[in-house]
Structure formats: structure tokens, C-alpha cells
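K.L.:
Below is the structure I would like to discuss, written out as C-alpha cells.
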Amino acid sequence: TNGEIMAFLKMQHFNRDKTRAQLQSTLAWRASFPRPTIAGVAPFMRARPGALGPDGCTVLLEDMKGGCHRDKLGRPVILSIGMLHGSSLETKRQTAYTWHRLKQYMDDPDEISGVCTVMQCQPCKGAKETFRFPDETITSVFDMNKQHFPFFSFN
């Protein structure tokens with residue numbers, strides 16, 4: 001969409017050659033990286049037996065009426081329960097799944113609206129503590145976001 005292209009332009013400080021290269025890289029990446037499904041990320045969203053919540057995951061706060069909850073600026077709200085965990089590929093799939101869900105709720109696909117993330121740092125009762133200083137796995141997710149999903153980086 002035009003909004004995505006504008007985000008890539010902003011990320012590359014409006015340098016057309018760098019933007020073109022980043023877009024080509026992203027299109028190749030999207031072709032090689034299967035679109036994540038709920039079946040692939042659901043195990044991370046489930047609470048373990050005896051726990052009151054999952055160990056760590058991100059959830060788009062959908063309203064079950066065809067929309068999602070938004071902050072005062074109109075941005076979709078994501079709840080980060082603890083911190084993503086799993087292998088580098090698993091955490092990237094979890095993040096990509098959230099971004100794909102978010103794209104469905106963009107008011108205008110030609111605008112960059114950003115998102116609001118609410119972080120729950122304390123684990124739910126019975127859940128493992130996953131919130132931590134960003135390690136190599138999490139920084140690889142940050143790199144993926146910057147390279148392939150910059151339209152959610154602008155707030």
C-alpha cells in the first residue's frame with residue numbers, strides 16, 4: 001500500500017535507491033517466510049496447567065465485533081504479556097502473526113498510524129518469568145521489524 005511505501009521511505013530518509021532495495025528485500029523475504037497462522041502461534045498464547053496466563057506472548061486486543069481496541073490516538077492496542085519466547089524463528093512468527101492481524105485493522109491502508117503496546121512485565125500467577133533484557137532472539141525480532149514491518153514503527 002502507499003502507507004507501507006511511505007514507511008519504507010521514512011525509514012530510509014527518503015533515499016529512493018535504499019528504499020527500493022529494502023522493498024525488494026522485503027518482497028523476497030515475504031515470499032520465503034510463510035504467513036504465520038494462529039495454529040503456529042497458539043501454543044505460546046496458552047497458559048500452562050495451573051497458571052493463570054501464558055508465559056509470554058503478544059495479543060492484539062480485538063473486540064469480537066469486527067474491530068479492535070484503540071488508544072486515545074486511535075492506534076490499535078497490543079498487549080504484551082511478558083516477553084516473546086521460543087527460538088528465533090518462533091518469535092519472528094509470533095511477531096509477524098501480530099503484524100498481519102494489525103494490518104486488518106488499519107483505518108486507512110495509505111496512512112501510517114502506528115500501534116500502542118501495553119506491556120505486562122510481571123508474570124501471571126503460575127507462569128514462567130519471560131520478561132528480560134533483550135537477548136539475541138529478541139534483537140533478531142527487532143531487526144525483522146525494522147527491515148520488513150517499518151509501518152508499525154511510526155507512532
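We name chains A, B, ... following the order of the C-alpha cells; residues begin at 1 in each chain, and ligands are numbered from 1 as shown.
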Please identify all polymer residues within 8 Å of Asp55 (chain A), counting only C-alpha atoms, omitting same-chain residues fewer than 5 positions from it, and present them as a compact mmCIF listing (two decimals) with N, CA, C and O atoms, in the first residue's frame.
P.N.:
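What ended up in result-v6.txt:
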```
# COMPACT_ATOMS: atom_id res chain seq x y z
N PHE A 44 2.01 -20.63 22.26
CA PHE A 44 2.64 -19.60 23.09
C PHE A 44 1.61 -18.73 23.80
O PHE A 44 1.93 -18.01 24.73
N MET A 45 0.36 -18.79 23.34
CA MET A 45 -0.71 -17.98 23.92
C MET A 45 -1.48 -18.72 25.01
O MET A 45 -2.29 -18.13 25.69
N ALA A 47 -2.02 -20.84 28.52
CA ALA A 47 -1.45 -20.96 29.87
C ALA A 47 -1.08 -22.42 30.12
O ALA A 47 -1.79 -23.34 29.69
N ARG A 48 0.01 -22.62 30.81
CA ARG A 48 0.39 -23.96 31.22
C ARG A 48 -0.56 -24.42 32.32
O ARG A 48 -1.18 -23.58 32.99
N ILE A 81 2.18 -9.78 27.01
CA ILE A 81 2.17 -10.48 28.29
C ILE A 81 3.56 -11.08 28.46
O ILE A 81 3.94 -11.99 27.72
N GLY A 82 4.32 -10.54 29.39
CA GLY A 82 5.70 -10.99 29.50
C GLY A 82 6.43 -10.63 28.23
O GLY A 82 6.22 -9.57 27.65
N MET A 83 7.27 -11.53 27.76
CA MET A 83 8.05 -11.28 26.56
C MET A 83 8.01 -12.52 25.69
O MET A 83 7.91 -13.65 26.20
N PRO A 123 4.92 -11.68 35.64
CA PRO A 123 4.24 -12.87 35.12
C PRO A 123 2.92 -13.12 35.83
O PRO A 123 2.73 -12.71 36.98
N CYS A 124 2.01 -13.75 35.10
CA CYS A 124 0.75 -14.18 35.71
C CYS A 124 1.08 -15.25 36.75
O CYS A 124 2.09 -15.94 36.65
N ALA A 127 2.86 -18.66 35.93
CA ALA A 127 3.54 -18.60 34.64
C ALA A 127 5.04 -18.36 34.87
O ALA A 127 5.45 -17.82 35.88
N LYS A 128 5.83 -18.78 33.89
CA LYS A 128 7.27 -18.54 33.96
C LYS A 128 7.55 -17.07 33.68
O LYS A 128 6.84 -16.43 32.89
N GLU A 129 8.60 -16.56 34.28
CA GLU A 129 9.00 -15.19 34.02
C GLU A 129 9.74 -15.15 32.68
O GLU A 129 10.74 -15.84 32.49
N THR A 130 9.22 -14.38 31.75
CA THR A 130 9.85 -14.29 30.43
C THR A 130 10.38 -12.90 30.13
O THR A 130 11.15 -12.72 29.20
```
K.L.:
Calculate how many Å separate CA of Cys121 (chain A) from CA of Asp63 (chain A), rounding to one decimal.
P.N.:
23.2 Å
K.L.:
Pick out the residues sitting within 7 Å of Val118 (chain A), and hand them over as a ChimeraX atom specification; count only C-alpha atoms, and ignore anything fewer than 4 positions along from it in its own chain.
P.N.:
/A:78-80
K.L.:
How far is it from CA of Ser25 (chain A) to CA of Met106 (chain A), in Å with one decimal?
P.N.:
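Calculated distance between CA of Ser25 (chain A) and CA of Met106 (chain A) is 23.4 Å.
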K.L.:
Of the candidates A:Lys92, A:Gln122, A:Ile5, A:Glu62, which one gets nearest to Leu27 (chain A) if we count only C-alpha atoms?
P.N.:
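Looking only at the distances to Leu27 (chain A), the closest residue turns out to be A:Ile5.
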K.L.:
Write out as a PyMOL selection string all residues of chain A that backbone DSSP assigns to helix (DSSP H, G or I).
P.N.:
chain A and resi 2-11+16-32+38-45+88-103+136-148+150-152
